[in-house]
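The file final06.txt comes next; it holds compact mmCIF, C-alpha atoms.
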# COMPACT_ATOMS: atom_id res chain seq x y z
CA MET I 1 -37.23 24.51 22.20
CA PRO I 2 -38.94 21.08 21.94
CA ALA I 3 -37.93 18.26 24.27
CA ASN I 4 -36.30 16.25 21.47
CA ARG I 5 -33.83 18.78 20.08
CA HIS I 6 -31.75 16.55 17.83
CA LEU I 7 -33.87 16.37 14.65
CA PRO I 8 -35.01 20.03 14.70
CA MET I 9 -31.47 21.08 15.54
CA ALA I 10 -30.06 19.08 12.62
CA ILE I 11 -32.61 20.67 10.25
CA TRP I 12 -31.75 24.13 11.60
CA ALA I 13 -28.02 23.39 11.12
CA ALA I 14 -28.63 22.28 7.52
CA ARG I 15 -30.49 25.52 6.80
CA GLU I 16 -27.65 27.48 8.37
CA ILE I 17 -25.20 25.76 6.02
CA GLN I 18 -27.40 26.60 3.02
CA ARG I 19 -27.00 30.29 3.83
CA HIS I 20 -23.29 30.01 2.93
CA PRO I 21 -23.02 27.09 0.46
CA GLY I 22 -19.73 28.24 -1.04
CA ARG I 23 -17.98 28.21 2.33
CA ALA I 24 -19.39 24.76 3.12
CA LEU I 25 -18.28 23.33 -0.24
CA LEU I 26 -14.79 24.79 0.19
CA LEU I 27 -14.48 23.27 3.67
CA PHE I 28 -15.79 19.93 2.36
CA ALA I 29 -13.23 19.89 -0.45
CA ALA I 30 -10.40 20.88 1.89
CA LEU I 31 -11.17 18.14 4.44
CA ALA I 32 -11.73 15.45 1.80
CA SER I 33 -8.52 16.32 -0.08
CA LEU I 34 -6.53 16.45 3.15
CA VAL I 35 -7.71 13.02 4.27
CA CYS I 36 -7.34 11.46 0.83
CA LEU I 37 -3.77 12.66 0.26
CA THR I 38 -2.50 11.64 3.69
CA ALA I 39 -4.33 8.31 3.89
CA THR I 40 -3.23 7.27 0.39
CA HIS I 41 0.46 7.55 1.25
CA LEU I 42 0.16 5.81 4.61
CA LEU I 43 -2.12 3.05 3.28
CA PHE I 44 0.22 2.34 0.36
CA SER I 45 3.27 2.02 2.60
CA GLN I 46 1.42 -0.30 4.99
CA ALA I 47 -0.06 -2.41 2.19
CA LEU I 48 3.29 -2.73 0.43
CA ASP I 49 4.99 -3.97 3.60
CA THR I 50 2.15 -6.41 4.39
CA THR I 51 2.05 -7.83 0.85
CA TRP I 52 5.80 -8.35 0.69
CA ALA I 53 5.76 -10.03 4.11
CA ARG I 54 3.05 -12.44 2.91
CA LEU I 55 5.01 -13.31 -0.22
CA MET I 56 8.24 -13.81 1.73
CA GLN I 57 6.52 -16.20 4.13
CA ASN I 58 6.44 -18.77 1.31
CA ALA I 59 9.97 -18.06 0.09
CA PRO I 60 12.77 -20.60 0.75
CA ASP I 61 14.76 -20.18 3.94
CA LEU I 62 18.12 -20.09 2.13
CA VAL I 63 19.19 -19.63 -1.49
CA VAL I 64 22.59 -20.99 -2.50
CA ARG I 65 24.30 -19.64 -5.62
CA ARG I 66 27.65 -20.75 -6.97
CA VAL I 67 30.17 -18.00 -7.73
CA ASP I 68 33.60 -17.84 -9.33
CA SER I 69 36.01 -15.12 -10.40
CA GLY I 70 33.54 -13.97 -13.03
CA GLY I 71 30.54 -13.82 -10.69
CA TRP I 72 27.52 -16.09 -10.77
CA THR I 73 27.81 -19.43 -12.53
CA PRO I 74 25.44 -22.44 -12.77
CA LEU I 75 25.90 -25.20 -10.20
CA PRO I 76 25.80 -28.98 -10.83
CA ILE I 77 22.52 -30.25 -9.40
CA ASP I 78 23.65 -33.69 -8.19
CA THR I 79 26.79 -32.39 -6.51
CA GLY I 80 25.00 -29.46 -4.84
CA VAL I 81 22.07 -31.52 -3.59
CA SER I 82 24.33 -34.29 -2.29
CA ALA I 83 26.51 -31.80 -0.39
CA ALA I 84 23.56 -29.87 1.09
CA ARG I 85 21.81 -33.00 2.35
CA ARG I 86 24.75 -33.74 4.65
CA VAL I 87 24.13 -30.52 6.61
CA PRO I 88 21.99 -31.10 9.75
CA GLY I 89 18.74 -29.12 9.75
CA VAL I 90 18.17 -29.16 5.97
CA THR I 91 14.80 -30.71 5.19
CA GLY I 92 14.13 -29.71 1.56
CA LEU I 93 16.16 -28.90 -1.55
CA THR I 94 14.83 -27.50 -4.83
CA PRO I 95 17.14 -26.80 -7.80
CA ARG I 96 15.83 -23.68 -9.51
CA LEU I 97 16.22 -22.59 -13.12
CA TRP I 98 15.79 -18.90 -13.89
CA GLY I 99 17.59 -15.89 -15.32
CA VAL I 100 17.28 -12.50 -17.02
CA ALA I 101 16.66 -12.05 -20.72
CA SER I 102 16.03 -9.10 -23.01
CA GLY I 103 12.43 -8.61 -24.11
CA PRO I 104 10.76 -6.22 -26.57
CA GLU I 105 10.62 -3.35 -24.05
CA GLY I 106 13.48 -4.22 -21.68
CA PRO I 107 14.71 -6.99 -19.37
CA VAL I 108 12.36 -9.72 -18.16
CA THR I 109 12.82 -12.54 -15.68
CA VAL I 110 12.57 -16.01 -17.21
CA VAL I 111 11.45 -18.75 -14.81
CA THR I 112 10.37 -22.36 -14.74
CA ALA I 113 7.64 -23.87 -12.57
CA GLY I 114 9.94 -24.59 -9.62
CA SER I 115 11.55 -21.14 -9.54
CA LEU I 116 8.68 -19.10 -8.08
CA PRO I 117 8.75 -18.31 -4.35
CA ASP I 118 5.07 -19.22 -3.95
CA SER I 119 3.62 -22.20 -5.82
CA SER I 120 0.09 -20.78 -5.35
CA LEU I 121 0.96 -18.19 -8.02
CA LEU I 122 0.49 -20.96 -10.59
CA ASP I 123 -2.99 -21.99 -9.41
CA GLY I 124 -5.48 -22.11 -12.26
CA ILE I 125 -2.88 -21.45 -14.97
CA ALA I 126 -2.27 -23.99 -17.71
CA PRO I 127 1.49 -24.72 -17.87
CA PRO I 128 3.22 -23.77 -21.12
CA ALA I 129 4.31 -26.41 -23.62
CA ALA I 130 7.44 -26.27 -25.76
CA GLY I 131 7.54 -22.97 -27.67
CA GLN I 132 4.90 -21.38 -25.39
CA ALA I 133 5.02 -18.88 -22.52
CA VAL I 134 2.91 -17.46 -19.69
CA VAL I 135 3.75 -13.81 -18.99
CA GLY I 136 3.15 -11.24 -16.29
CA GLN I 137 0.95 -8.18 -16.49
CA GLY I 138 3.90 -5.91 -17.25
CA VAL I 139 4.98 -7.98 -20.27
CA TRP I 140 1.59 -8.54 -21.92
CA PRO I 141 0.64 -4.94 -22.92
CA THR I 142 3.98 -4.33 -24.63
CA LEU I 143 3.43 -6.95 -27.33
CA PRO I 144 2.00 -6.21 -30.78
CA GLY I 145 0.81 -9.81 -31.15
CA ASN I 146 0.98 -13.19 -29.48
CA ARG I 147 4.67 -13.79 -30.21
CA LEU I 148 7.40 -12.90 -27.74
CA SER I 149 11.07 -12.62 -28.74
CA LEU I 150 13.63 -13.18 -25.98
CA THR I 151 17.41 -12.87 -26.11
CA ALA I 152 20.05 -14.04 -23.61
CA ARG I 153 22.77 -16.58 -24.49
CA ALA I 154 20.52 -17.52 -27.40
CA ALA I 155 17.49 -15.97 -29.06
CA ILE I 156 14.08 -17.67 -29.11
CA ALA I 157 10.52 -16.71 -30.05
CA VAL I 158 7.62 -18.19 -28.11
CA GLU I 159 3.85 -18.03 -28.33
CA ILE I 160 2.00 -16.41 -25.42
CA THR I 161 -0.73 -18.72 -24.18
CA GLY I 162 -1.66 -17.06 -20.88
CA ARG I 163 -0.71 -14.56 -18.23
CA PHE I 164 -0.46 -14.48 -14.47
CA PRO I 165 -3.53 -13.25 -12.54
CA PRO I 166 -3.73 -9.50 -11.80
CA ASP I 167 -3.61 -10.07 -8.02
CA THR I 168 -0.08 -11.48 -8.33
CA SER I 169 1.37 -8.44 -10.12
CA LEU I 170 3.71 -7.49 -7.31
CA ALA I 171 5.60 -10.80 -7.75
CA THR I 172 4.95 -11.60 -11.42
CA VAL I 173 4.84 -8.28 -13.27
CA ASP I 174 7.98 -9.00 -15.35
CA LEU I 175 7.98 -12.82 -15.31
CA VAL I 176 8.01 -15.08 -18.36
CA TRP I 177 7.24 -18.73 -17.55
CA LEU I 178 8.82 -21.16 -20.02
CA THR I 179 9.38 -24.89 -20.14
CA GLU I 180 12.65 -26.19 -18.75
CA LYS I 181 14.00 -27.05 -22.20
CA ASP I 182 13.28 -23.58 -23.60
CA THR I 183 14.75 -21.92 -20.51
CA ARG I 184 17.98 -23.90 -20.73
CA ARG I 185 18.35 -23.10 -24.42
CA LEU I 186 17.67 -19.40 -23.84
CA LEU I 187 19.99 -18.99 -20.83
CA GLY I 188 22.66 -21.38 -22.03
CA ILE I 189 22.46 -23.62 -18.95
CA PRO I 190 23.18 -27.27 -19.86
CA SER I 191 21.19 -30.22 -18.56
CA GLY I 192 22.13 -31.29 -15.04
CA GLN I 193 22.86 -27.74 -13.87
CA ALA I 194 20.69 -25.14 -12.12
CA SER I 195 20.74 -21.41 -11.48
CA ASP I 196 20.65 -21.84 -7.71
CA LEU I 197 19.50 -24.13 -4.92
CA ALA I 198 16.50 -23.31 -2.70
CA VAL I 199 16.90 -24.77 0.80
CA ARG I 200 14.20 -25.45 3.38
CA LEU I 201 15.19 -25.76 7.04
CA PHE I 202 13.66 -27.64 9.95
CA ARG I 203 13.79 -24.45 12.04
CA ARG I 204 13.73 -21.07 10.36
CA GLU I 205 15.44 -19.55 13.39
CA GLU I 206 18.62 -21.47 12.47
CA GLU I 207 19.07 -19.90 9.03
CA GLN I 208 21.97 -17.71 10.21
CA ALA I 209 23.80 -20.55 12.00
CA ILE I 210 23.46 -23.08 9.17
CA GLN I 211 24.89 -20.80 6.49
CA ALA I 212 28.49 -21.44 7.54
CA ASP I 213 27.97 -25.24 7.59
CA LEU I 214 26.25 -25.14 4.23
CA ALA I 215 29.01 -23.06 2.64
CA ALA I 216 31.67 -25.39 4.05
CA ALA I 217 29.87 -28.46 2.66
CA MET I 218 29.87 -27.16 -0.93
CA PRO I 219 32.88 -28.09 -3.10
CA TRP I 220 33.03 -24.62 -4.67
CA PRO I 221 32.57 -21.03 -3.43
CA VAL I 222 28.94 -20.05 -2.89
CA ARG I 223 26.92 -17.00 -1.92
CA ILE I 224 24.03 -17.69 0.45
CA THR I 225 21.04 -15.40 0.94
CA ASP I 226 18.61 -16.02 3.80
CA ARG I 227 14.92 -15.23 3.82
CA SER I 228 15.19 -12.77 6.72
CA THR I 229 17.71 -10.65 4.82
CA SER I 230 15.45 -10.54 1.77
CA ALA I 231 12.43 -9.71 3.92
CA LEU I 232 14.39 -6.93 5.65
CA ARG I 233 15.37 -5.48 2.27
CA TYR I 234 11.75 -5.32 1.16
CA HIS I 235 10.70 -3.95 4.55
CA THR I 236 13.32 -1.20 4.21
CA ARG I 237 11.87 -0.23 0.84
CA ALA I 238 8.41 0.02 2.37
CA VAL I 239 9.79 2.12 5.25
CA GLN I 240 11.45 4.44 2.75
CA THR I 241 8.12 4.77 0.98
CA GLY I 242 6.54 5.53 4.35
CA ALA I 243 9.18 8.20 4.97
CA SER I 244 8.21 9.91 1.73
CA ALA I 245 4.60 9.60 2.87
CA MET I 246 5.47 11.47 6.07
CA LEU I 247 6.93 14.27 3.96
CA ALA I 248 3.53 14.56 2.30
CA VAL I 249 1.84 14.61 5.73
CA ILE I 250 3.72 17.76 6.81
CA PRO I 251 1.96 20.15 4.39
CA CYS I 252 -1.28 18.31 5.13
CA LEU I 253 -0.88 19.09 8.83
CA LEU I 254 -0.27 22.73 7.94
CA ALA I 255 -3.47 22.67 5.88
CA LEU I 256 -5.32 21.20 8.88
CA LEU I 257 -3.94 24.00 11.05
CA LEU I 258 -5.25 26.57 8.58
CA ILE I 259 -8.68 24.90 8.58
CA VAL I 260 -8.82 24.93 12.37
CA THR I 261 -7.70 28.57 12.44
CA ALA I 262 -10.43 29.49 9.95
CA VAL I 263 -13.02 27.71 12.10
CA ILE I 264 -11.88 29.62 15.19
CA ALA I 265 -12.03 32.94 13.36
CA GLU I 266 -15.49 32.17 11.96
CA ASN I 267 -16.93 31.23 15.34
CA ARG I 268 -15.48 34.33 16.97
CA GLY I 269 -17.26 36.40 14.34
CA GLN I 270 -20.62 34.94 15.40
CA ARG I 271 -20.55 36.24 19.00
CA ALA I 272 -23.28 38.80 18.29
CA ARG I 273 -25.55 36.18 16.71
CA GLN I 274 -24.96 33.80 19.62
CA GLY I 275 -25.87 36.60 22.04
CA LEU I 276 -29.08 37.19 20.07
CA LEU I 277 -29.99 33.49 20.27
CA LYS I 278 -29.39 33.46 24.02
CA ALA I 279 -31.55 36.56 24.40
CA MET I 280 -34.33 34.63 22.60
CA GLY I 281 -34.12 31.76 25.10
CA TRP I 282 -31.44 29.48 23.69
CA THR I 283 -29.09 27.92 26.20
CA THR I 284 -25.34 27.57 25.88
CA ALA I 285 -25.81 23.83 25.27
CA ASP I 286 -28.24 24.55 22.43
CA ILE I 287 -25.78 26.88 20.69
CA VAL I 288 -22.90 24.41 21.08
CA ARG I 289 -25.11 21.61 19.79
CA LEU I 290 -26.09 23.67 16.73
CA GLN I 291 -22.47 24.37 15.80
CA LEU I 292 -21.49 20.73 16.29
CA PHE I 293 -24.33 19.63 14.01
CA LYS I 294 -23.14 22.10 11.37
CA ALA I 295 -19.59 20.79 11.68
CA LEU I 296 -20.67 17.14 11.48
CA ILE I 297 -22.92 17.69 8.45
CA VAL I 298 -19.90 18.95 6.51
CA ALA I 299 -17.08 16.93 8.10
CA LEU I 300 -18.58 13.42 8.13
CA PRO I 301 -19.28 13.21 4.37
CA ALA I 302 -15.90 14.83 3.66
CA LEU I 303 -14.06 12.27 5.80
CA LEU I 304 -15.97 9.36 4.27
CA VAL I 305 -15.35 10.54 0.71
CA GLY I 306 -11.65 11.14 1.41
CA LEU I 307 -11.12 7.77 3.09
CA ALA I 308 -13.07 5.88 0.42
CA THR I 309 -11.07 7.57 -2.34
CA ALA I 310 -7.77 6.76 -0.61
CA TYR I 311 -8.82 3.13 -0.08
CA GLY I 312 -9.79 2.77 -3.73
CA MET I 313 -6.55 4.33 -4.94
CA VAL I 314 -4.51 1.76 -2.97
CA PHE I 315 -6.60 -1.42 -3.07
CA TRP I 316 -8.58 -1.18 -6.32
CA PRO I 317 -6.24 -2.87 -8.85
CA PRO I 318 -6.83 -0.53 -11.84
CA LEU I 319 -5.96 2.50 -9.68
CA ALA I 320 -3.37 0.85 -7.43
CA GLY I 321 -0.86 0.57 -10.27
CA VAL I 322 -1.19 4.29 -11.01
CA THR I 323 -0.80 5.10 -7.30
CA ALA I 324 2.34 2.94 -7.12
CA MET I 325 3.87 4.83 -10.05
CA TRP I 326 2.90 8.17 -8.48
CA ILE I 327 4.35 7.43 -5.03
CA THR I 328 7.43 5.41 -5.96
CA GLY I 329 8.16 6.92 -9.36
CA GLY I 330 8.45 3.38 -10.75
CA THR I 331 6.77 1.38 -13.46
CA HIS I 332 3.00 1.47 -13.92
CA LEU I 333 1.58 -1.89 -12.80
CA PRO I 334 -1.69 -2.32 -14.71
CA ALA I 335 -3.51 -4.42 -12.07
CA LEU I 336 -1.60 -4.26 -8.79
CA ALA I 337 -3.37 -6.05 -5.92
CA LEU I 338 -2.13 -5.29 -2.40
CA ASP I 339 -2.93 -6.93 0.93
CA GLY I 340 -5.52 -4.92 2.85
CA ARG I 341 -4.77 -6.24 6.35
CA GLY I 342 -4.20 -3.40 8.80
CA ALA I 343 -5.89 -0.81 6.59
CA GLY I 344 -8.79 -0.34 9.00
CA LEU I 345 -6.51 0.90 11.78
CA ILE I 346 -4.91 3.49 9.49
CA LEU I 347 -8.36 4.70 8.38
CA LEU I 348 -9.41 5.12 12.02
CA GLU I 349 -6.17 6.96 12.79
CA MET I 350 -6.72 9.33 9.89
CA THR I 351 -10.30 9.97 10.98
CA ALA I 352 -9.13 10.83 14.48
CA MET I 353 -6.16 12.90 13.29
CA VAL I 354 -8.29 15.15 11.09
CA GLY I 355 -11.76 14.94 12.62
CA LEU I 356 -10.95 15.41 16.31
CA PRO I 357 -8.94 18.67 15.99
CA TYR I 358 -11.65 20.09 13.73
CA LEU I 359 -14.49 19.19 16.11
CA ALA I 360 -12.46 20.30 19.14
CA ALA I 361 -11.91 23.72 17.55
CA VAL I 362 -15.64 24.06 16.86
CA PHE I 363 -16.64 22.92 20.34
CA LEU I 364 -14.17 24.99 22.36
CA THR I 365 -14.58 28.25 20.47
CA THR I 366 -18.38 27.95 20.44
CA LEU I 367 -18.46 27.13 24.15
CA ARG I 368 -16.25 30.08 24.99
CA GLY I 369 -18.31 32.48 22.90
CA ALA I 370 -21.73 31.20 24.03
CA ALA I 371 -20.77 31.33 27.72
CA ASN I 372 -20.32 35.12 27.58
CA ASP I 373 -22.98 37.55 28.73
CA PRO I 374 -25.62 38.07 25.97
CA GLY I 375 -25.55 41.82 26.48
CA SER I 376 -21.82 42.16 25.86
CA ALA I 377 -22.08 39.79 22.91
CA LEU I 378 -24.87 41.85 21.32
CA GLN I 379 -22.69 44.94 21.49
CA ASP I 380 -20.35 43.28 18.96
CA GLY I 381 -23.12 43.20 16.36
CA PRO I 382 -23.24 45.45 13.29
CA TRP I 383 -26.50 46.99 14.53
CA ASN I 384 -24.84 48.37 17.69
Could you rewrite the structure in this file as C-alpha cells?
Amino acid sequence: MPANRHLPMAIWAAREIQRHPGRALLLFAALASLVCLTATHLLFSQALDTTWARLMQNAPDLVVRRVDSGGWTPLPIDTGVSAARRVPGVTGLTPRLWGVASGPEGPVTVVTAGSLPDSSLLDGIAPPAAGQAVVGQGVWPTLPGNRLSLTARAAIAVEITGRFPPDTSLATVDLVWLTEKDTRRLLGIPSGQASDLAVRLFRREEEQAIQADLAAAMPWPVRITDRSTSALRYHTRAVQTGASAMLAVIPCLLALLLIVTAVIAENRGQRARQGLLKAMGWTTADIVRLQLFKALIVALPALLVGLATAYGMVFWPPLAGVTAMWITGGTHLPALALDGRGAGLILLEMTAMVGLPYLAAVFLTTLRGAANDPGSALQDGPWN
C-alpha cells in the first residue's frame, strides 16, 4: 500500500460501492429520509417557539378589557386612561381598537394602526385611507377582485390597497387593517370608546403584582391579561407540536435501528473477503479505513441532503406554510417566515443522532471481523 493511503483508499471505496449501486442508493434514501423527517418536526417546533417569543417581546405588558354580564364590552377611553395612570408603575397607555368580522371565507381580525403588538409590522406599508384596507396573506388569495366585504355590527365594502409582508404571516395572516372611522362603523364602537387598553409597565417583573391595583382602580369590572400568560400559552402550543414531533421520532429511531442491524449483518458477511485482503498484505487498519470510507461516501451526502431538505421545508416561506399545515393540521399559510435562531444546534444534534450510530456500527463490526485470523476467515468463503 502507498504511504498516503487516503486518496487511493477513497477511490477503492468508491469502486466498491459501484459494485452494488442498488444497495448504496437504498441506504442513501433511507438515511436522507430519516434525517429529513425527524429534523423537520424538531426544527418546526423550535422555530415556532422562537418566533412567538420574538413577537411577544414587543407585546404590551398588560391588556385591560372591560366586561359585564354579557361578556366583553367597549370601555370609555378617557375614564380608563385616567384611572390607569393613578396606578404606580404604569408608564404607557394605548387605547386599542380591534375586533372580529365575517369575511368572504370566514372570520377575520379587523385592526387599526395602534392595535398591532409590534409596530414594526407596519414598516414600509402605506396606511389605508377611508374605504381602503391592507390585508394579510391569508385574506388576499380568497378574493375574486380588489373589493373586500366585511360584516360585524354593520356591513362595509373596502378596496384592498396592499398586504402585509410575507415574513409577518404568523402574526398577520388573518388581519385586515382599516382606518379608525371604518373600524368603528364596522364594529359598532362609538367615538371615545376602545376595545381594550394596552398597558406598559416600568418593570415587567411587576405585571402580576400590579394587576390587582389596576383592577381596583377601574370603575367597572375588567379582565386583565399579562404578557407572560400569553407567552406561556404560545409556548405550550409549541411544546405540544414538539410532542407530536417526538411521536414521529419513534418510528424514525426504529428505522435507524434497522439500518444499523443491516450494516452489522452486511459486514459479518464479508469476513471471508476481509481474510483474503489480510492474506494479500492489508492490515486491520487498512480494512477498517476502507469500510469507513465506504460508509462516509454514502452517509455524508445523505445527511446533507436530508438536513438541507428539512431546513428548506421549515424556513423557506413557500414550503413553510405547507409544512405548518402538515404538522399542525391547520390552515395553509402561503408565505410563513419563521425565526431560524437555534436551528444550527438541532441540525448538529440530528447529524450526531443518525450519523454516529451508523459509523459506530460500521467501525466496530469491521474491527471485530478484521481482527480475526485470516485463515479462519477464509474458511467462511464460498470457495471453501
Compute the distance from (16.9, -22.9, -2.5) to each atom, counting all atoms listed in the file, keep the residues with any atom at most 8 Å away, and return them as a VMD selection string; use the coordinates of the file. chain I and resid 60 to 64 93 to 96 196 to 200
I'd like to know which of I:Leu359, I:Cys36, I:Ile224, I:Leu170 is closest to Phe293 of chain I, using all atoms listed in the file. I:Leu359
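Using only C-alpha atoms, the protein and nucleic acid residues lying at most 7 Å from the point (-11.2, 17.1, 8.8) are Leu31, Ala299, Leu303, Val354, Gly355 and Tyr358 of chain I.
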Best match for closeness to Pro318 of chain I among I:Val111, I:Ile11, I:Leu338, I:Leu304, counting all atoms listed in the file: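 Checking each of I:Val111, I:Ile11, I:Leu338, I:Leu304 against Pro318 of chain I, counting all atoms listed in the file, the winner is I:Leu338.
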Got a sec: who's within 12 Å of Arg163 of chain I, counting all atoms listed in the file, leaving out chain neighbours fewer than 2 positions off, as a PyMOL selection string? chain I and resi 121-128+132-141+146+159-161+165-169+172-178
With a distance cut-off of 10 Å and only C-alpha atoms, select the neighbouring residues of segment 72-87 of chain I, excluding the residue or stretch itself and same-chain residues fewer than 5 positions from it, and output the selection as an NGL selection string. :I and (64-67 or 92-97 or 188-199 or 210-211 or 213-220 or 222-223)
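Remark: for Gly340 of chain I, the closest of the candidate residues I:Val100, I:Ala320, I:Ala352, I:Leu300 is I:Ala320 (distances computed over only C-alpha atoms).
The space separating atom CA of Leu347 of chain I from atom CA of Phe363 of chain I comes to 23.3 Å.
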